[in-house]
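Enquirer: Data file structure31.cif (mmCIF, C-alpha atoms) is appended below.
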```
data_coords
#
loop_
_atom_site.group_PDB
_atom_site.id
_atom_site.type_symbol
_atom_site.label_atom_id
_atom_site.label_comp_id
_atom_site.auth_asym_id
_atom_site.auth_seq_id
_atom_site.Cartn_x
_atom_site.Cartn_y
_atom_site.Cartn_z
ATOM 1 C CA MET A 26 -30.877 -11.520 -49.151
ATOM 2 C CA ILE A 27 -28.062 -12.400 -46.772
ATOM 3 C CA ALA A 28 -27.806 -14.448 -43.597
ATOM 4 C CA LEU A 29 -24.808 -14.775 -41.345
ATOM 5 C CA ILE A 30 -25.576 -17.849 -39.259
ATOM 6 C CA GLN A 31 -23.760 -18.877 -36.099
ATOM 7 C CA ARG A 32 -24.192 -22.144 -34.248
ATOM 8 C CA VAL A 33 -24.720 -21.187 -30.620
ATOM 9 C CA SER A 34 -25.133 -22.923 -27.303
ATOM 10 C CA GLN A 35 -27.147 -19.871 -26.186
ATOM 11 C CA ALA A 36 -27.943 -16.356 -27.391
ATOM 12 C CA HIS A 37 -30.114 -13.415 -26.458
ATOM 13 C CA VAL A 38 -30.845 -9.870 -27.610
ATOM 14 C CA GLU A 39 -31.307 -6.876 -25.339
ATOM 15 C CA VAL A 40 -32.852 -3.518 -26.189
ATOM 16 C CA GLY A 41 -31.959 -1.234 -23.326
ATOM 17 C CA THR A 42 -32.398 -3.411 -20.251
ATOM 18 C CA GLU A 43 -35.129 -5.596 -21.803
ATOM 19 C CA VAL A 44 -34.366 -9.055 -23.191
ATOM 20 C CA VAL A 45 -36.449 -9.206 -26.379
ATOM 21 C CA GLY A 46 -35.359 -12.630 -27.659
ATOM 22 C CA ARG A 47 -33.575 -15.630 -26.133
ATOM 23 C CA ILE A 48 -32.671 -19.149 -27.284
ATOM 24 C CA GLY A 49 -30.651 -22.057 -25.974
ATOM 25 C CA ALA A 50 -28.782 -24.291 -28.412
ATOM 26 C CA GLY A 51 -29.511 -23.482 -32.043
ATOM 27 C CA LEU A 52 -28.765 -20.805 -34.621
ATOM 28 C CA LEU A 53 -28.360 -17.075 -34.404
ATOM 29 C CA ALA A 54 -29.081 -15.640 -37.859
ATOM 30 C CA PHE A 55 -28.255 -12.054 -38.745
ATOM 31 C CA ILE A 56 -30.418 -11.095 -41.733
ATOM 32 C CA ALA A 57 -29.916 -8.357 -44.349
ATOM 33 C CA VAL A 58 -32.354 -7.469 -47.105
ATOM 34 C CA GLU A 59 -30.915 -6.198 -50.372
ATOM 35 C CA ARG A 60 -32.445 -4.062 -53.103
ATOM 36 C CA GLY A 61 -34.452 -6.269 -55.437
ATOM 37 C CA ASP A 62 -35.292 -8.879 -52.784
ATOM 38 C CA GLY A 63 -38.834 -10.177 -52.514
ATOM 39 C CA ASP A 64 -40.952 -13.171 -51.512
ATOM 40 C CA ALA A 65 -38.796 -15.678 -53.406
ATOM 41 C CA GLN A 66 -35.613 -14.607 -51.607
ATOM 42 C CA VAL A 67 -37.336 -14.749 -48.201
ATOM 43 C CA LYS A 68 -38.539 -18.310 -48.798
ATOM 44 C CA ARG A 69 -35.264 -19.561 -50.266
ATOM 45 C CA LEU A 70 -33.057 -17.996 -47.586
ATOM 46 C CA LEU A 71 -35.223 -19.338 -44.767
ATOM 47 C CA GLU A 72 -35.103 -22.790 -46.382
ATOM 48 C CA ARG A 73 -31.299 -22.562 -46.412
ATOM 49 C CA VAL A 74 -31.100 -21.326 -42.799
ATOM 50 C CA LEU A 75 -33.340 -24.121 -41.515
ATOM 51 C CA GLY A 76 -31.765 -26.782 -43.729
ATOM 52 C CA TYR A 77 -28.067 -25.898 -43.623
ATOM 53 C CA ARG A 78 -26.146 -28.733 -41.990
ATOM 54 C CA VAL A 79 -24.133 -27.214 -39.130
ATOM 55 C CA PHE A 80 -24.844 -29.600 -36.241
ATOM 56 C CA SER A 81 -22.891 -32.761 -35.519
ATOM 57 C CA ASP A 82 -24.270 -36.238 -36.020
ATOM 58 C CA GLU A 83 -23.294 -39.274 -33.923
ATOM 59 C CA GLY A 84 -20.001 -39.494 -35.839
ATOM 60 C CA GLY A 85 -19.063 -35.878 -35.147
ATOM 61 C CA ARG A 86 -19.694 -34.696 -38.725
ATOM 62 C CA MET A 87 -21.766 -31.629 -39.541
ATOM 63 C CA ASN A 88 -24.657 -33.547 -41.105
ATOM 64 C CA LEU A 89 -27.649 -32.212 -39.154
ATOM 65 C CA SER A 90 -29.658 -29.056 -39.763
ATOM 66 C CA LEU A 91 -31.644 -26.891 -37.380
ATOM 67 C CA ARG A 92 -34.734 -28.589 -38.765
ATOM 68 C CA ASP A 93 -33.236 -31.962 -37.743
ATOM 69 C CA THR A 94 -32.278 -30.878 -34.220
ATOM 70 C CA GLY A 95 -35.301 -28.696 -33.431
ATOM 71 C CA GLY A 96 -33.037 -26.118 -31.776
ATOM 72 C CA GLY A 97 -33.863 -22.460 -31.337
ATOM 73 C CA LEU A 98 -33.656 -19.843 -34.088
ATOM 74 C CA LEU A 99 -32.876 -16.245 -33.179
ATOM 75 C CA LEU A 100 -33.421 -13.888 -36.140
ATOM 76 C CA VAL A 101 -31.789 -10.451 -35.917
ATOM 77 C CA SER A 102 -32.007 -7.802 -38.642
ATOM 78 C CA GLN A 103 -28.605 -6.427 -39.641
ATOM 79 C CA PHE A 104 -28.560 -4.244 -42.738
ATOM 80 C CA THR A 105 -24.783 -3.760 -42.452
ATOM 81 C CA LEU A 106 -24.314 -7.233 -43.969
ATOM 82 C CA ALA A 107 -25.394 -5.669 -47.281
ATOM 83 C CA ALA A 108 -22.567 -3.102 -47.125
ATOM 84 C CA ASP A 109 -20.197 -2.498 -50.008
ATOM 85 C CA THR A 110 -16.732 -2.699 -48.450
ATOM 86 C CA SER A 111 -14.774 -3.039 -51.687
ATOM 87 C CA SER A 112 -12.972 0.284 -51.450
ATOM 88 C CA GLY A 113 -12.156 3.086 -49.072
ATOM 89 C CA MET A 114 -12.444 3.064 -45.309
ATOM 90 C CA ARG A 115 -16.193 3.541 -44.956
ATOM 91 C CA ALA A 116 -18.927 1.154 -46.022
ATOM 92 C CA GLY A 117 -21.495 2.092 -48.642
ATOM 93 C CA PHE A 118 -25.087 0.939 -48.282
ATOM 94 C CA THR A 119 -26.566 1.474 -51.751
ATOM 95 C CA GLY A 120 -27.114 -2.292 -52.080
ATOM 96 C CA ALA A 121 -29.233 -2.497 -48.937
ATOM 97 C CA ALA A 122 -33.004 -2.355 -49.213
ATOM 98 C CA SER A 123 -34.870 0.668 -47.898
ATOM 99 C CA PRO A 124 -35.747 0.397 -44.198
ATOM 100 C CA GLU A 125 -39.418 -0.033 -45.149
ATOM 101 C CA LEU A 126 -38.752 -2.943 -47.520
ATOM 102 C CA GLY A 127 -36.209 -4.408 -45.116
ATOM 103 C CA GLU A 128 -38.705 -4.437 -42.272
ATOM 104 C CA LEU A 129 -41.478 -5.838 -44.454
ATOM 105 C CA LEU A 130 -39.369 -8.750 -45.709
ATOM 106 C CA PHE A 131 -37.734 -9.400 -42.330
ATOM 107 C CA ASP A 132 -41.199 -9.587 -40.724
ATOM 108 C CA GLN A 133 -42.296 -11.909 -43.536
ATOM 109 C CA MET A 134 -39.337 -14.184 -42.800
ATOM 110 C CA VAL A 135 -40.171 -14.213 -39.078
ATOM 111 C CA GLU A 136 -43.805 -15.112 -39.780
ATOM 112 C CA LEU A 137 -42.819 -17.883 -42.187
ATOM 113 C CA ALA A 138 -40.203 -19.215 -39.750
ATOM 114 C CA ARG A 139 -42.739 -19.297 -36.914
ATOM 115 C CA SER A 140 -45.173 -21.232 -39.091
ATOM 116 C CA THR A 141 -42.575 -23.916 -39.892
ATOM 117 C CA HIS A 142 -40.188 -24.113 -36.904
ATOM 118 C CA PRO A 143 -41.047 -24.711 -33.233
ATOM 119 C CA GLU A 144 -38.813 -22.071 -31.561
ATOM 120 C CA VAL A 145 -38.260 -18.690 -33.211
ATOM 121 C CA GLU A 146 -37.195 -15.523 -31.388
ATOM 122 C CA THR A 147 -36.176 -12.135 -32.771
ATOM 123 C CA GLY A 148 -34.393 -8.927 -32.072
ATOM 124 C CA ARG A 149 -36.214 -5.664 -32.668
ATOM 125 C CA PHE A 150 -36.050 -4.002 -36.080
ATOM 126 C CA ARG A 151 -34.583 -0.467 -36.304
ATOM 127 C CA THR A 152 -33.339 -0.360 -32.731
ATOM 128 C CA HIS A 153 -29.936 -0.409 -31.128
ATOM 129 C CA MET A 154 -29.495 -3.961 -29.863
ATOM 130 C CA HIS A 155 -26.937 -5.773 -27.748
ATOM 131 C CA VAL A 156 -26.559 -9.325 -29.019
ATOM 132 C CA HIS A 157 -25.042 -11.821 -26.593
ATOM 133 C CA LEU A 158 -24.010 -15.244 -27.810
ATOM 134 C CA VAL A 159 -21.885 -18.223 -27.061
ATOM 135 C CA ASN A 160 -20.687 -19.401 -30.461
ATOM 136 C CA ASP A 161 -20.463 -23.196 -30.457
ATOM 137 C CA GLY A 162 -17.377 -24.256 -32.376
ATOM 138 C CA PRO A 163 -16.996 -21.532 -33.484
ATOM 139 C CA VAL A 164 -19.216 -22.294 -36.467
ATOM 140 C CA THR A 165 -20.231 -19.367 -38.687
ATOM 141 C CA PHE A 166 -21.476 -19.368 -42.304
ATOM 142 C CA HIS A 167 -22.413 -16.629 -44.767
ATOM 143 C CA LEU A 168 -25.455 -17.513 -46.876
ATOM 144 C CA ARG A 169 -26.772 -15.398 -49.747
ATOM 145 C CA VAL A 170 -29.709 -15.650 -52.106
ATOM 146 C CA ALA A 171 -29.251 -13.252 -55.020
ATOM 147 C CA PRO A 172 -31.862 -10.515 -55.484
ATOM 148 C CA GLY A 173 -34.480 -11.143 -58.146
#
```
Is it possible to express this structure as structure tokens?
Expert:
Amino acid sequence: MIALIQRVSQAHVEVGTEVVGRIGAGLLAFIAVERGDGDAQVKRLLERVLGYRVFSDEGGRMNLSLRDTGGGLLLVSQFTLAADTSSGMRAGFTGAASPELGELLFDQMVELARSTHPEVETGRFRTHMHVHLVNDGPVTFHLRVAPG
């Protein structure tokens, strides 16, 4: 399971003309589910997303996590993060989970996040989305929990 996290001062997701998720300062996390992922990967990746230290402390060092700051979390499914780009000029997606498994585990992550973090918003699975963000830094990290 993969997360591309970006520290943002604000972010929102639109589907058509409807805003389906919006946060102020916090993290935007693009999430991809890989073949072989399950409950353990969902729990571990969410723990990393919430606990990864990307926010500055009083000394200006990145020592605080989203859990520490209580900022917003915007979760957006993005299967393209699981692409194989090692050769050629077109990505392969054999490593990505099926859409059914991807949606199941993404929804599981959202439910778990909402039970443990005060502000969680989402995009909309299997739709064309426009993601708007103001990257704060910029600060972007790639996190991965290997499939079981």
Enquirer: Identify which of the residues A:His167, A:Glu39, A:Arg86, A:Ala116 lies closest to His155 in chain A, counting all atoms listed in the file when measuring atom-to-atom distances.
Expert: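 Answer, going by the shortest atom-to-atom distance: A:Glu39.
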Enquirer: So which one's closest to Ala57 in chain A, A:His157, A:Arg69, A:Arg169, A:Arg32? Using all atoms listed in the file, please.
Expert: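 Under the stated criterion, the closest residue is A:Arg169.
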Enquirer: Check the smallest atom-to-atom distance from each of A:Thr94, A:Gln103, A:Ser81, A:Gln66 to Phe150 in chain A using only C-alpha atoms, then report the winner.
Expert: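 Among A:Thr94, A:Gln103, A:Ser81, A:Gln66, it is A:Gln103 that comes nearest to Phe150 in chain A.
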Enquirer: The PyMOL selection byres ((chain A and resi 146) around 12) on the file shown: which residues, as an MDAnalysis selection string?
Expert: chainID A and resid 36:38 44:49 51:54 96:102 132 134:136 138:139 142:145 147:149
Enquirer: I need the residue nearest Asp64 in chain A from this list: A:Leu158, A:Met26, A:Met114, A:Ala121. Use only C-alpha atoms for the distance.
Expert: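 Checking each candidate against Asp64 in chain A, we get A:Met26 as the closest.
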Enquirer: For Gly76 in chain A, which of A:Thr110, A:Leu130, A:Ile30, A:Phe55 is the closest residue, counting all atoms listed in the file?
Expert: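 When distances to Gly76 in chain A are compared using all atoms listed in the file, the smallest one comes from A:Ile30.
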Enquirer: With the PyMOL selection byres ((chain A and resi 79) around 7) as the selection, what would be picked from this file? Answer as a PDB file with C-alpha atoms, in the coordinates of the input, please.
Expert:
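Now in part_15.pdb:
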```
ATOM      1  CA  TYR A  77     -28.067 -25.898 -43.623  1.00  0.00           C
ATOM      2  CA  ARG A  78     -26.146 -28.733 -41.990  1.00  0.00           C
ATOM      3  CA  PHE A  80     -24.844 -29.600 -36.241  1.00  0.00           C
ATOM      4  CA  SER A  81     -22.891 -32.761 -35.519  1.00  0.00           C
ATOM      5  CA  MET A  87     -21.766 -31.629 -39.541  1.00  0.00           C
ATOM      6  CA  ASN A  88     -24.657 -33.547 -41.105  1.00  0.00           C
ATOM      7  CA  LEU A  89     -27.649 -32.212 -39.154  1.00  0.00           C
ATOM      8  CA  SER A  90     -29.658 -29.056 -39.763  1.00  0.00           C
TER       9      SER A  90
END
```
Enquirer: Given the point (-33.6, -9.1, -47.6) in the coordinates of this file, which residues lie within 9 Å, counting all atoms listed in the file, and how would they look as a list in words?
Expert: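 Residues with an atom close enough to that point: Met26, Ile27, Ala28, Ile56, Ala57, Val58, Glu59, Arg60, Gly61, Asp62, Gly63, Gln66, Val67, Leu70, Phe104, Ala107, Ala121, Ala122, Leu126, Gly127, Glu128, Leu130, Phe131, Val170 and Pro172 of chain A.
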Enquirer: Between A:Ala50, A:Leu168, A:Pro124, A:Val74, which one has atoms that come closest to Leu106 in chain A, using all atoms listed in the file?
Expert: A:Leu168
Enquirer: To one decimal place, how far is CA of Thr141 in chain A from CA of Leu71 in chain A in Å?
Expert: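 Here the two named atoms are 9.9 Å from each other.
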Enquirer: Would you work out the distance separating CA of Asp161 in chain A from CA of Ser34 in chain A, expressed in Å to one decimal?
Expert: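 If I compute the distance from CA of Asp161 in chain A to CA of Ser34 in chain A, I get 5.6 Å.
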Enquirer: Report, in Å with one decimal, the straight-line distance from CA of Gly84 in chain A to CA of Pro163 in chain A.
Expert: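 Going from CA of Gly84 in chain A over to CA of Pro163 in chain A covers 18.4 Å.
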Enquirer: For the point (-20.2, -13.3, -37.9) in the file's frame, write as a list in words all residues with an atom no more than 7 Å away, counting only C-alpha atoms.
Expert: Leu29, Gln31 and Thr165 of chain A
Enquirer: Output C-alpha atoms for every residue in that selection, as a PDB file, keeping the file's coordinate frame.
Expert:
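As a result, out.pdb now contains:
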```
ATOM      1  CA  LEU A  29     -24.808 -14.775 -41.345  1.00  0.00           C
ATOM      2  CA  GLN A  31     -23.760 -18.877 -36.099  1.00  0.00           C
ATOM      3  CA  THR A 165     -20.231 -19.367 -38.687  1.00  0.00           C
TER       4      THR A 165
END
```
Enquirer: Could range 94-126 of chain A be completed with N, CA and C atoms and returned as a compact mmCIF listing (two decimals), keeping the file's coordinate frame?
Expert:
```txt
# COMPACT_ATOMS: atom_id res chain seq x y z
N THR A 94 -32.51 -30.92 -35.66
CA THR A 94 -32.28 -30.88 -34.22
C THR A 94 -33.43 -30.24 -33.45
N GLY A 95 -34.21 -29.39 -34.11
CA GLY A 95 -35.30 -28.70 -33.43
C GLY A 95 -34.83 -27.61 -32.49
N GLY A 96 -33.58 -27.17 -32.64
CA GLY A 96 -33.04 -26.12 -31.78
C GLY A 96 -33.69 -24.77 -32.03
N GLY A 97 -33.30 -23.80 -31.22
CA GLY A 97 -33.86 -22.46 -31.34
C GLY A 97 -33.30 -21.70 -32.53
N LEU A 98 -34.08 -20.74 -33.02
CA LEU A 98 -33.66 -19.84 -34.09
C LEU A 98 -33.87 -18.41 -33.60
N LEU A 99 -32.80 -17.65 -33.56
CA LEU A 99 -32.88 -16.24 -33.18
C LEU A 99 -32.56 -15.41 -34.42
N LEU A 100 -33.57 -14.72 -34.95
CA LEU A 100 -33.42 -13.89 -36.14
C LEU A 100 -33.20 -12.44 -35.73
N VAL A 101 -32.13 -11.83 -36.25
CA VAL A 101 -31.79 -10.45 -35.92
C VAL A 101 -31.51 -9.70 -37.21
N SER A 102 -32.24 -8.60 -37.44
CA SER A 102 -32.01 -7.80 -38.64
C SER A 102 -30.66 -7.10 -38.52
N GLN A 103 -29.91 -7.08 -39.64
CA GLN A 103 -28.60 -6.43 -39.64
C GLN A 103 -28.28 -5.97 -41.05
N PHE A 104 -28.73 -4.76 -41.39
CA PHE A 104 -28.56 -4.24 -42.74
C PHE A 104 -27.10 -4.07 -43.11
N THR A 105 -26.19 -3.97 -42.14
CA THR A 105 -24.78 -3.76 -42.45
C THR A 105 -24.17 -4.94 -43.21
N LEU A 106 -24.81 -6.10 -43.18
CA LEU A 106 -24.31 -7.23 -43.97
C LEU A 106 -24.39 -6.96 -45.46
N ALA A 107 -25.24 -6.01 -45.87
CA ALA A 107 -25.39 -5.67 -47.28
C ALA A 107 -24.44 -4.55 -47.70
N ALA A 108 -23.49 -4.21 -46.85
CA ALA A 108 -22.57 -3.10 -47.12
C ALA A 108 -21.62 -3.44 -48.26
N ASP A 109 -21.25 -2.41 -49.01
CA ASP A 109 -20.20 -2.50 -50.01
C ASP A 109 -18.91 -2.05 -49.31
N THR A 110 -17.99 -2.99 -49.14
CA THR A 110 -16.73 -2.70 -48.45
C THR A 110 -15.55 -2.84 -49.40
N SER A 111 -15.81 -2.75 -50.70
CA SER A 111 -14.77 -3.04 -51.69
C SER A 111 -13.70 -1.96 -51.81
N SER A 112 -14.00 -0.75 -51.36
CA SER A 112 -12.97 0.28 -51.45
C SER A 112 -13.14 1.28 -50.31
N GLY A 113 -12.10 2.04 -50.09
CA GLY A 113 -12.16 3.09 -49.07
C GLY A 113 -12.18 2.52 -47.66
N MET A 114 -12.46 3.42 -46.72
CA MET A 114 -12.44 3.06 -45.31
C MET A 114 -13.81 3.25 -44.65
N ARG A 115 -14.84 3.41 -45.48
CA ARG A 115 -16.19 3.54 -44.96
C ARG A 115 -17.12 2.75 -45.86
N ALA A 116 -18.01 2.00 -45.25
CA ALA A 116 -18.93 1.15 -46.02
C ALA A 116 -19.96 2.00 -46.75
N GLY A 117 -20.38 1.49 -47.90
CA GLY A 117 -21.50 2.09 -48.64
C GLY A 117 -22.70 1.16 -48.53
N PHE A 118 -23.89 1.74 -48.51
CA PHE A 118 -25.09 0.94 -48.28
C PHE A 118 -26.10 1.02 -49.42
N THR A 119 -25.63 1.35 -50.62
CA THR A 119 -26.57 1.47 -51.75
C THR A 119 -27.19 0.14 -52.13
N GLY A 120 -26.56 -0.97 -51.77
CA GLY A 120 -27.11 -2.29 -52.08
C GLY A 120 -28.16 -2.77 -51.09
N ALA A 121 -28.25 -2.11 -49.95
CA ALA A 121 -29.23 -2.50 -48.94
C ALA A 121 -30.62 -2.00 -49.34
N ALA A 122 -31.62 -2.76 -48.96
CA ALA A 122 -33.00 -2.36 -49.21
C ALA A 122 -33.34 -1.15 -48.35
N SER A 123 -34.38 -0.43 -48.73
CA SER A 123 -34.87 0.67 -47.90
C SER A 123 -35.30 0.09 -46.55
N PRO A 124 -35.29 0.90 -45.50
CA PRO A 124 -35.75 0.40 -44.20
C PRO A 124 -37.17 -0.17 -44.25
N GLU A 125 -38.03 0.44 -45.05
CA GLU A 125 -39.42 -0.03 -45.15
C GLU A 125 -39.48 -1.43 -45.77
N LEU A 126 -38.77 -1.62 -46.88
CA LEU A 126 -38.75 -2.94 -47.52
C LEU A 126 -38.03 -3.95 -46.63
```
